[in-house]
$ cat run.cif   # mmCIF, C-alpha atoms
data_coords
loop_
_atom_site.group_PDB
_atom_site.id
_atom_site.type_symbol
_atom_site.label_atom_id
_atom_site.label_comp_id
_atom_site.auth_asym_id
_atom_site.auth_seq_id
_atom_site.Cartn_x
_atom_site.Cartn_y
_atom_site.Cartn_z
ATOM 1 C CA MET Q 9 9.821 7.257 8.430
ATOM 2 C CA VAL Q 10 10.200 9.573 5.438
ATOM 3 C CA LYS Q 11 9.282 7.816 2.209
ATOM 4 C CA TYR Q 12 9.833 9.194 -1.276
ATOM 5 C CA ALA Q 13 6.190 8.454 -2.140
ATOM 6 C CA ASP Q 14 5.140 10.833 0.663
ATOM 7 C CA ALA Q 15 6.607 13.797 -1.307
ATOM 8 C CA PRO Q 16 9.026 15.105 1.367
ATOM 9 C CA GLN Q 17 9.733 18.837 1.412
ATOM 10 C CA ALA Q 18 12.562 21.265 2.101
ATOM 11 C CA SER Q 19 12.595 25.046 2.449
ATOM 12 C CA VAL Q 20 14.960 27.888 3.260
ATOM 13 C CA GLU Q 21 14.336 31.592 3.790
ATOM 14 C CA VAL Q 22 16.407 34.757 3.825
ATOM 15 C CA ARG Q 23 15.768 38.423 4.550
ATOM 16 C CA ILE Q 24 17.129 40.755 1.883
ATOM 17 C CA ALA Q 25 17.867 44.431 2.417
ATOM 18 C CA ALA Q 26 16.301 45.361 -0.919
ATOM 19 C CA GLU Q 27 12.743 46.047 -2.048
ATOM 20 C CA PRO Q 28 10.883 43.211 -3.814
ATOM 21 C CA ALA Q 29 11.030 45.165 -7.102
ATOM 22 C CA ALA Q 30 14.839 44.887 -6.992
ATOM 23 C CA VAL Q 31 14.817 41.195 -6.035
ATOM 24 C CA TRP Q 32 12.143 39.933 -8.452
ATOM 25 C CA PRO Q 33 14.227 40.139 -11.666
ATOM 26 C CA LEU Q 34 16.788 37.860 -9.979
ATOM 27 C CA VAL Q 35 14.141 35.407 -8.743
ATOM 28 C CA SER Q 36 12.429 35.164 -12.120
ATOM 29 C CA ASP Q 37 15.678 34.622 -14.070
ATOM 30 C CA ILE Q 38 15.479 30.849 -14.569
ATOM 31 C CA SER Q 39 19.230 30.428 -15.169
ATOM 32 C CA LEU Q 40 20.492 32.630 -12.322
ATOM 33 C CA PRO Q 41 20.572 29.835 -9.695
ATOM 34 C CA ALA Q 42 23.213 28.074 -11.821
ATOM 35 C CA GLN Q 43 25.688 30.701 -10.552
ATOM 36 C CA PHE Q 44 25.282 29.384 -7.003
ATOM 37 C CA SER Q 45 24.231 25.719 -7.156
ATOM 38 C CA PRO Q 46 26.814 23.051 -7.961
ATOM 39 C CA GLU Q 47 24.030 20.817 -9.327
ATOM 40 C CA PHE Q 48 21.826 23.115 -11.420
ATOM 41 C CA GLN Q 49 23.722 24.041 -14.589
ATOM 42 C CA GLY Q 50 21.180 26.340 -16.257
ATOM 43 C CA ALA Q 51 17.923 26.356 -18.191
ATOM 44 C CA ASP Q 52 16.463 27.286 -21.558
ATOM 45 C CA TRP Q 53 12.903 28.470 -22.114
ATOM 46 C CA VAL Q 54 10.911 26.351 -24.558
ATOM 47 C CA ASP Q 55 8.049 28.876 -24.446
ATOM 48 C CA ASP Q 56 8.119 32.565 -23.613
ATOM 49 C CA GLY Q 57 8.640 32.739 -19.894
ATOM 50 C CA PRO Q 58 8.447 33.290 -17.139
ATOM 51 C CA ALA Q 59 4.683 32.941 -17.323
ATOM 52 C CA LEU Q 60 2.062 30.531 -16.070
ATOM 53 C CA GLY Q 61 2.135 27.395 -18.232
ATOM 54 C CA ALA Q 62 5.494 28.176 -19.877
ATOM 55 C CA THR Q 63 7.971 25.312 -20.134
ATOM 56 C CA PHE Q 64 11.745 25.109 -19.950
ATOM 57 C CA HIS Q 65 14.543 22.568 -20.042
ATOM 58 C CA GLY Q 66 16.716 22.441 -16.932
ATOM 59 C CA HIS Q 67 20.272 21.097 -17.084
ATOM 60 C CA ASN Q 68 21.728 19.375 -14.048
ATOM 61 C CA LYS Q 69 24.878 17.598 -12.947
ATOM 62 C CA HIS Q 70 25.579 15.428 -9.894
ATOM 63 C CA GLN Q 71 28.820 13.708 -8.974
ATOM 64 C CA PHE Q 72 27.127 10.313 -8.503
ATOM 65 C CA VAL Q 73 24.397 10.499 -11.152
ATOM 66 C CA GLY Q 74 26.073 12.356 -14.011
ATOM 67 C CA GLU Q 75 24.323 14.905 -16.232
ATOM 68 C CA TRP Q 76 20.647 15.062 -17.154
ATOM 69 C CA THR Q 77 18.030 17.410 -18.565
ATOM 70 C CA THR Q 78 14.489 17.841 -17.289
ATOM 71 C CA THR Q 79 11.383 19.497 -18.669
ATOM 72 C CA SER Q 80 9.519 21.777 -16.271
ATOM 73 C CA THR Q 81 6.278 23.718 -16.427
ATOM 74 C CA VAL Q 82 5.563 26.960 -14.584
ATOM 75 C CA THR Q 83 2.655 25.969 -12.331
ATOM 76 C CA ALA Q 84 2.273 29.172 -10.290
ATOM 77 C CA TYR Q 85 3.296 32.662 -11.307
ATOM 78 C CA GLU Q 86 2.377 35.965 -9.685
ATOM 79 C CA ASP Q 87 4.560 38.761 -11.009
ATOM 80 C CA GLY Q 88 6.701 40.079 -8.185
ATOM 81 C CA ALA Q 89 5.632 37.438 -5.668
ATOM 82 C CA VAL Q 90 5.519 33.761 -6.734
ATOM 83 C CA PHE Q 91 7.488 31.657 -9.203
ATOM 84 C CA GLU Q 92 6.857 27.895 -9.092
ATOM 85 C CA TRP Q 93 7.698 25.131 -11.513
ATOM 86 C CA THR Q 94 6.915 21.435 -11.632
ATOM 87 C CA VAL Q 95 9.433 18.970 -13.035
ATOM 88 C CA GLY Q 96 8.154 16.227 -15.306
ATOM 89 C CA ASP Q 97 4.591 15.000 -15.544
ATOM 90 C CA LEU Q 98 2.201 17.455 -13.890
ATOM 91 C CA GLU Q 99 0.009 14.578 -12.640
ATOM 92 C CA ASN Q 100 2.955 12.546 -11.260
ATOM 93 C CA LYS Q 101 5.699 15.111 -10.698
ATOM 94 C CA THR Q 102 9.359 14.387 -10.144
ATOM 95 C CA ALA Q 103 9.674 17.576 -8.078
ATOM 96 C CA ARG Q 104 8.152 20.992 -7.489
ATOM 97 C CA TRP Q 105 10.254 24.100 -6.783
ATOM 98 C CA ARG Q 106 8.937 27.482 -5.605
ATOM 99 C CA PHE Q 107 10.118 31.000 -4.796
ATOM 100 C CA ASP Q 108 7.904 33.213 -2.619
ATOM 101 C CA LEU Q 109 8.896 36.873 -2.348
ATOM 102 C CA ALA Q 110 7.241 39.266 0.106
ATOM 103 C CA PRO Q 111 7.846 42.803 1.360
ATOM 104 C CA ASP Q 112 9.432 42.899 4.813
ATOM 105 C CA GLY Q 113 9.736 46.388 6.255
ATOM 106 C CA ASP Q 114 12.315 48.210 4.139
ATOM 107 C CA GLY Q 115 13.382 44.976 2.434
ATOM 108 C CA SER Q 116 12.103 41.567 1.390
ATOM 109 C CA THR Q 117 11.761 38.015 2.584
ATOM 110 C CA LEU Q 118 12.555 35.350 0.011
ATOM 111 C CA ARG Q 119 11.584 31.734 0.589
ATOM 112 C CA PHE Q 120 12.730 28.855 -1.613
ATOM 113 C CA SER Q 121 10.864 25.580 -1.154
ATOM 114 C CA ALA Q 122 10.811 22.224 -2.895
ATOM 115 C CA GLU Q 123 8.914 18.963 -2.825
ATOM 116 C CA MET Q 124 10.249 15.702 -4.213
ATOM 117 C CA GLY Q 125 8.298 12.923 -5.848
ATOM 118 C CA PRO Q 126 6.198 11.008 -5.998
ATOM 119 C CA GLY Q 127 6.941 10.521 -9.724
ATOM 120 C CA PRO Q 128 10.054 8.644 -10.809
ATOM 121 C CA SER Q 129 13.457 10.322 -10.624
ATOM 122 C CA GLY Q 130 17.102 9.383 -10.230
ATOM 123 C CA LEU Q 131 16.381 8.806 -6.563
ATOM 124 C CA THR Q 132 13.828 6.150 -7.454
ATOM 125 C CA MET Q 133 16.560 3.928 -8.900
ATOM 126 C CA ALA Q 134 18.719 4.238 -5.764
ATOM 127 C CA ILE Q 135 15.739 3.370 -3.556
ATOM 128 C CA ARG Q 136 14.922 0.312 -5.693
ATOM 129 C CA GLN Q 137 18.509 -0.910 -5.336
ATOM 130 C CA MET Q 138 18.599 -0.335 -1.561
ATOM 131 C CA PRO Q 139 15.002 -0.328 -0.265
ATOM 132 C CA ASP Q 140 16.124 -0.833 3.319
ATOM 133 C CA ARG Q 141 17.986 2.502 3.120
ATOM 134 C CA GLU Q 142 15.134 4.589 1.655
ATOM 135 C CA GLU Q 143 14.844 6.908 4.657
ATOM 136 C CA GLU Q 144 18.600 7.592 4.603
ATOM 137 C CA ILE Q 145 18.620 8.118 0.821
ATOM 138 C CA VAL Q 146 15.723 10.590 1.000
ATOM 139 C CA ALA Q 147 17.244 12.440 3.978
ATOM 140 C CA ASN Q 148 20.611 12.757 2.208
ATOM 141 C CA ARG Q 149 18.957 14.097 -0.924
ATOM 142 C CA LEU Q 150 16.893 16.601 1.059
ATOM 143 C CA GLY Q 151 20.137 17.723 2.695
ATOM 144 C CA GLU Q 152 21.725 18.285 -0.712
ATOM 145 C CA TRP Q 153 18.673 20.206 -1.870
ATOM 146 C CA THR Q 154 18.664 22.376 1.248
ATOM 147 C CA GLY Q 155 22.348 23.224 0.841
ATOM 148 C CA ASN Q 156 21.903 24.148 -2.831
ATOM 149 C CA MET Q 157 18.757 26.142 -2.078
ATOM 150 C CA GLN Q 158 20.500 28.084 0.698
ATOM 151 C CA ALA Q 159 23.459 28.814 -1.598
ATOM 152 C CA THR Q 160 21.000 30.121 -4.206
ATOM 153 C CA LEU Q 161 19.232 32.405 -1.717
ATOM 154 C CA ASP Q 162 22.543 33.666 -0.335
ATOM 155 C CA GLY Q 163 23.662 34.419 -3.900
ATOM 156 C CA ILE Q 164 20.449 36.266 -4.748
ATOM 157 C CA LYS Q 165 20.762 38.222 -1.499
ATOM 158 C CA GLY Q 166 24.333 39.190 -2.354
ATOM 159 C CA LEU Q 167 23.366 40.382 -5.832
ATOM 160 C CA ALA Q 168 20.285 42.275 -4.637
ATOM 161 C CA GLU Q 169 22.139 44.003 -1.789
ATOM 162 C CA GLY Q 170 25.303 44.650 -3.812
#

$ encode --input "run.cif" --output "structure tokens"
Amino acid sequence: MVKYADAPQASVEVRIAAEPAAVWPLVSDISLPAQFSPEFQGADWVDDGPALGATFHGHNKHQFVGEWTTTSTVTAYEDGAVFEWTVGDLENKTARWRFDLAPDGDGSTLRFSAEMGPGPSGLTMAIRQMPDREEEIVANRLGEWTGNMQATLDGIKGLAEG
């Protein structure tokens, strides 16, 4: 059984017919995914970013939850290769999101991964209201994440190859 407290994960990957140097500016543009995800609406840097330790506000919208803003911290950053941010409290995160970019022959491989929980989020409230449906709630949310993540990677691929 998949429990929210177990920090379930999702990931998607795509091969891009463009060198990492051409893909990286797209990956490290914190607002770019808003062009492709129906949930993520954009972000604003609080500190100068992207850089390790920099923070930003992310703006989101979901048909059942409404609109909300999060605060995230860049928790891994390797120029040209890794861009990771943690949502909420670093010791009890709401989520962690990560791009990994690597050379792949004459192109690149881009992986987008995420981990939910164990800190409180909008999902926590739904699970409290329907504890007997926790596994279904978590699986549905992971499905939404995976769809949005794939749309983001497909969009980045289209921009990088176009």

$ resolve_selection --input "run.cif" --expression "the PyMOL selection byres ((chain Q and resi 99) around 12)" --output "list in words"
Thr81, Thr83, Thr94, Val95, Gly96, Asp97, Leu98, Asn100, Lys101, Thr102, Ala103, Arg104, Gly125, Pro126, Gly127 and Pro128 of chain Q

$ closest_residue --input "run.cif" --among "Q:Ala89, Q:Ala42, Q:Ala84, Q:Met133" --to "Val146 in chain Q" --atoms "only C-alpha atoms"
Q:Met133

$ residues_around --input "run.cif" --residues "Ala110 in chain Q" --least-positions-apart "2" --cutoff "12 Å" --atoms "only C-alpha atoms" --output "ChimeraX atom specification"
/Q:21-24,26-32,35,86-90,107-108,112-120

$ write_last_selection --input "run.cif" --atoms "C-alpha atoms" --output "PDB file, in the coordinates of the input"
ATOM      1  CA  GLU Q  21      14.336  31.592   3.790  1.00  0.00           C
ATOM      2  CA  VAL Q  22      16.407  34.757   3.825  1.00  0.00           C
ATOM      3  CA  ARG Q  23      15.768  38.423   4.550  1.00  0.00           C
ATOM      4  CA  ILE Q  24      17.129  40.755   1.883  1.00  0.00           C
ATOM      5  CA  ALA Q  26      16.301  45.361  -0.919  1.00  0.00           C
ATOM      6  CA  GLU Q  27      12.743  46.047  -2.048  1.00  0.00           C
ATOM      7  CA  PRO Q  28      10.883  43.211  -3.814  1.00  0.00           C
ATOM      8  CA  ALA Q  29      11.030  45.165  -7.102  1.00  0.00           C
ATOM      9  CA  ALA Q  30      14.839  44.887  -6.992  1.00  0.00           C
ATOM     10  CA  VAL Q  31      14.817  41.195  -6.035  1.00  0.00           C
ATOM     11  CA  TRP Q  32      12.143  39.933  -8.452  1.00  0.00           C
ATOM     12  CA  VAL Q  35      14.141  35.407  -8.743  1.00  0.00           C
ATOM     13  CA  GLU Q  86       2.377  35.965  -9.685  1.00  0.00           C
ATOM     14  CA  ASP Q  87       4.560  38.761 -11.009  1.00  0.00           C
ATOM     15  CA  GLY Q  88       6.701  40.079  -8.185  1.00  0.00           C
ATOM     16  CA  ALA Q  89       5.632  37.438  -5.668  1.00  0.00           C
ATOM     17  CA  VAL Q  90       5.519  33.761  -6.734  1.00  0.00           C
ATOM     18  CA  PHE Q 107      10.118  31.000  -4.796  1.00  0.00           C
ATOM     19  CA  ASP Q 108       7.904  33.213  -2.619  1.00  0.00           C
ATOM     20  CA  ASP Q 112       9.432  42.899   4.813  1.00  0.00           C
ATOM     21  CA  GLY Q 113       9.736  46.388   6.255  1.00  0.00           C
ATOM     22  CA  ASP Q 114      12.315  48.210   4.139  1.00  0.00           C
ATOM     23  CA  GLY Q 115      13.382  44.976   2.434  1.00  0.00           C
ATOM     24  CA  SER Q 116      12.103  41.567   1.390  1.00  0.00           C
ATOM     25  CA  THR Q 117      11.761  38.015   2.584  1.00  0.00           C
ATOM     26  CA  LEU Q 118      12.555  35.350   0.011  1.00  0.00           C
ATOM     27  CA  ARG Q 119      11.584  31.734   0.589  1.00  0.00           C
ATOM     28  CA  PHE Q 120      12.730  28.855  -1.613  1.00  0.00           C
TER      29      PHE Q 120
END

$ closest_residue --input "run.cif" --among "Q:Ile164, Q:Ala15, Q:Gly130, Q:Asn156" --to "Pro46 in chain Q" --atoms "all atoms listed in the file"
Q:Asn156

$ closest_residue --input "run.cif" --among "Q:Met9, Q:Met157, Q:Ala134, Q:Ala51" --to "Thr77 in chain Q" --atoms "all atoms listed in the file"
Q:Ala51

$ atom_distance --input "run.cif" --atom1 "CA of Gly66 in chain Q" --atom2 "CA of Val82 in chain Q"
12.3 Å

$ residues_around --input "run.cif" --residues "Glu143 in chain Q" --least-positions-apart "4" --cutoff "7 Å" --atoms "all atoms listed in the file" --output "list in words"
Met9, Val10, Lys11 and Ala147 of chain Q

$ residues_near_point --input "run.cif" --point "(17.8, 35.2, -17.7)" --cutoff "10 Å" --atoms "all atoms listed in the file" --output "list in words"
Pro33, Leu34, Val35, Ser36, Asp37, Ile38, Ser39, Leu40, Gly50, Ala51, Asp52, Trp53, Gly57 and Pro58 of chain Q

$ closest_residue --input "run.cif" --among "Q:Ala159, Q:Ile135, Q:Ala168, Q:Met124" --to "Trp105 in chain Q" --atoms "all atoms listed in the file"
Q:Met124

$ atom_distance --input "run.cif" --atom1 "CA of Trp153 in chain Q" --atom2 "CA of His65 in chain Q"
18.8 Å

$ closest_residue --input "run.cif" --among "Q:Thr78, Q:Ala18, Q:Val73, Q:Tyr12" --to "Leu150 in chain Q" --atoms "all atoms listed in the file"
Q:Ala18

$ closest_residue --input "run.cif" --among "Q:Ala122, Q:Val20, Q:Ala62, Q:Ala25" --to "Gly166 in chain Q" --atoms "only C-alpha atoms"
Q:Ala25

$ residues_around --input "run.cif" --residues "Asn68 in chain Q" --least-positions-apart "4" --cutoff "8 Å" --atoms "all atoms listed in the file" --output "list in words"
Glu47, Phe48, Gln49, Gly50, Glu75, Trp76 and Thr77 of chain Q

$ atom_distance --input "run.cif" --atom1 "CA of Phe44 in chain Q" --atom2 "CA of Gly155 in chain Q"
10.4 Å

$ decode --input "run.cif" --residues "range 94-107 of chain Q" --atoms "all heavy atoms" --output "mmCIF file, in the first residue's frame"
data_model
loop_
_atom_site.group_PDB
_atom_site.id
_atom_site.type_symbol
_atom_site.label_atom_id
_atom_site.label_comp_id
_atom_site.auth_asym_id
_atom_site.auth_seq_id
_atom_site.Cartn_x
_atom_site.Cartn_y
_atom_site.Cartn_z
ATOM 1 N N THR Q 94 13.006 22.005 -3.239
ATOM 2 C CA THR Q 94 12.185 21.416 -2.203
ATOM 3 C C THR Q 94 11.114 22.421 -1.815
ATOM 4 O O THR Q 94 11.422 23.588 -1.565
ATOM 5 C CB THR Q 94 13.044 21.021 -0.988
ATOM 6 O OG1 THR Q 94 13.997 20.041 -1.423
ATOM 7 C CG2 THR Q 94 12.215 20.460 0.148
ATOM 8 N N VAL Q 95 9.881 21.945 -1.762
ATOM 9 C CA VAL Q 95 8.737 22.797 -1.434
ATOM 10 C C VAL Q 95 8.492 22.749 0.067
ATOM 11 O O VAL Q 95 8.422 21.673 0.658
ATOM 12 C CB VAL Q 95 7.470 22.329 -2.185
ATOM 13 C CG1 VAL Q 95 6.291 23.257 -1.884
ATOM 14 C CG2 VAL Q 95 7.731 22.244 -3.683
ATOM 15 N N GLY Q 96 8.387 23.932 0.655
ATOM 16 C CA GLY Q 96 8.062 24.028 2.080
ATOM 17 C C GLY Q 96 9.265 23.840 2.968
ATOM 18 O O GLY Q 96 10.402 24.135 2.591
ATOM 19 N N ASP Q 97 9.011 23.325 4.144
ATOM 20 C CA ASP Q 97 10.020 23.126 5.180
ATOM 21 C C ASP Q 97 11.049 22.090 4.718
ATOM 22 O O ASP Q 97 10.690 20.966 4.379
ATOM 23 C CB ASP Q 97 9.305 22.644 6.450
ATOM 24 C CG ASP Q 97 10.215 22.442 7.635
ATOM 25 O OD1 ASP Q 97 11.452 22.439 7.481
ATOM 26 O OD2 ASP Q 97 9.678 22.271 8.747
ATOM 27 N N LEU Q 98 12.305 22.451 4.724
ATOM 28 C CA LEU Q 98 13.351 21.536 4.261
ATOM 29 C C LEU Q 98 13.448 20.275 5.109
ATOM 30 O O LEU Q 98 13.847 19.216 4.618
ATOM 31 C CB LEU Q 98 14.708 22.243 4.231
ATOM 32 C CG LEU Q 98 14.835 23.398 3.243
ATOM 33 C CD1 LEU Q 98 16.223 24.022 3.344
ATOM 34 C CD2 LEU Q 98 14.536 22.955 1.830
ATOM 35 N N GLU Q 99 13.067 20.352 6.387
ATOM 36 C CA GLU Q 99 13.137 19.190 7.277
ATOM 37 C C GLU Q 99 11.881 18.331 7.198
ATOM 38 O O GLU Q 99 11.890 17.189 7.642
ATOM 39 C CB GLU Q 99 13.364 19.654 8.721
ATOM 40 C CG GLU Q 99 14.657 20.428 8.913
ATOM 41 C CD GLU Q 99 15.887 19.641 8.506
ATOM 42 O OE1 GLU Q 99 15.971 18.447 8.835
ATOM 43 O OE2 GLU Q 99 16.763 20.224 7.848
ATOM 44 N N ASN Q 100 10.789 18.869 6.667
ATOM 45 C CA ASN Q 100 9.516 18.140 6.572
ATOM 46 C C ASN Q 100 8.811 18.592 5.293
ATOM 47 O O ASN Q 100 7.740 19.188 5.326
ATOM 48 C CB ASN Q 100 8.659 18.400 7.814
ATOM 49 C CG ASN Q 100 7.495 17.450 7.920
ATOM 50 O OD1 ASN Q 100 7.561 16.302 7.496
ATOM 51 N ND2 ASN Q 100 6.404 17.929 8.498
ATOM 52 N N LYS Q 101 9.431 18.293 4.168
ATOM 53 C CA LYS Q 101 9.029 18.836 2.870
ATOM 54 C C LYS Q 101 7.616 18.437 2.462
ATOM 55 O O LYS Q 101 7.126 17.366 2.796
ATOM 56 C CB LYS Q 101 10.013 18.390 1.797
ATOM 57 C CG LYS Q 101 9.957 16.905 1.485
ATOM 58 C CD LYS Q 101 10.988 16.512 0.462
ATOM 59 C CE LYS Q 101 11.101 15.045 0.231
ATOM 60 N NZ LYS Q 101 10.059 14.167 0.615
ATOM 61 N N THR Q 102 7.007 19.330 1.694
ATOM 62 C CA THR Q 102 5.733 19.028 1.045
ATOM 63 C C THR Q 102 6.007 18.208 -0.208
ATOM 64 O O THR Q 102 5.287 17.263 -0.515
ATOM 65 C CB THR Q 102 5.013 20.339 0.678
ATOM 66 O OG1 THR Q 102 4.736 21.052 1.887
ATOM 67 C CG2 THR Q 102 3.728 20.073 -0.064
ATOM 68 N N ALA Q 103 7.059 18.577 -0.933
ATOM 69 C CA ALA Q 103 7.442 17.860 -2.157
ATOM 70 C C ALA Q 103 8.873 18.229 -2.523
ATOM 71 O O ALA Q 103 9.410 19.236 -2.061
ATOM 72 C CB ALA Q 103 6.509 18.221 -3.309
ATOM 73 N N ARG Q 104 9.458 17.400 -3.371
ATOM 74 C CA ARG Q 104 10.770 17.698 -3.954
ATOM 75 C C ARG Q 104 10.671 17.400 -5.445
ATOM 76 O O ARG Q 104 10.156 16.365 -5.849
ATOM 77 C CB ARG Q 104 11.862 16.842 -3.317
ATOM 78 C CG ARG Q 104 13.248 17.164 -3.920
ATOM 79 C CD ARG Q 104 14.378 16.403 -3.244
ATOM 80 N NE ARG Q 104 14.462 16.770 -1.842
ATOM 81 C CZ ARG Q 104 14.477 15.886 -0.835
ATOM 82 N NH1 ARG Q 104 14.418 14.604 -1.068
ATOM 83 N NH2 ARG Q 104 14.558 16.297 0.406
ATOM 84 N N TRP Q 105 11.157 18.330 -6.262
ATOM 85 C CA TRP Q 105 11.116 18.225 -7.720
ATOM 86 C C TRP Q 105 12.546 18.305 -8.243
ATOM 87 O O TRP Q 105 13.370 19.036 -7.681
ATOM 88 C CB TRP Q 105 10.297 19.372 -8.313
ATOM 89 C CG TRP Q 105 8.880 19.366 -7.823
ATOM 90 C CD1 TRP Q 105 8.409 19.923 -6.670
ATOM 91 C CD2 TRP Q 105 7.764 18.774 -8.461
ATOM 92 N NE1 TRP Q 105 7.068 19.703 -6.567
ATOM 93 C CE2 TRP Q 105 6.637 19.000 -7.651
ATOM 94 C CE3 TRP Q 105 7.595 18.064 -9.657
ATOM 95 C CZ2 TRP Q 105 5.364 18.555 -7.990
ATOM 96 C CZ3 TRP Q 105 6.333 17.622 -9.999
ATOM 97 C CH2 TRP Q 105 5.239 17.865 -9.169
ATOM 98 N N ARG Q 106 12.846 17.589 -9.333
ATOM 99 C CA ARG Q 106 14.239 17.548 -9.805
ATOM 100 C C ARG Q 106 14.307 17.290 -11.308
ATOM 101 O O ARG Q 106 13.622 16.414 -11.835
ATOM 102 C CB ARG Q 106 14.976 16.439 -9.069
ATOM 103 C CG ARG Q 106 16.441 16.305 -9.439
ATOM 104 C CD ARG Q 106 17.074 15.181 -8.637
ATOM 105 N NE ARG Q 106 18.442 14.952 -9.023
ATOM 106 C CZ ARG Q 106 19.491 15.236 -8.285
ATOM 107 N NH1 ARG Q 106 19.347 15.774 -7.092
ATOM 108 N NH2 ARG Q 106 20.709 14.982 -8.714
ATOM 109 N N PHE Q 107 15.166 18.088 -11.966
ATOM 110 C CA PHE Q 107 15.550 17.848 -13.357
ATOM 111 C C PHE Q 107 16.981 17.329 -13.359
ATOM 112 O O PHE Q 107 17.848 17.897 -12.695
ATOM 113 C CB PHE Q 107 15.533 19.144 -14.179
ATOM 114 C CG PHE Q 107 14.174 19.643 -14.545
ATOM 115 C CD1 PHE Q 107 13.662 20.790 -13.960
ATOM 116 C CD2 PHE Q 107 13.408 19.001 -15.512
ATOM 117 C CE1 PHE Q 107 12.414 21.280 -14.319
ATOM 118 C CE2 PHE Q 107 12.160 19.480 -15.882
ATOM 119 C CZ PHE Q 107 11.659 20.624 -15.279
#
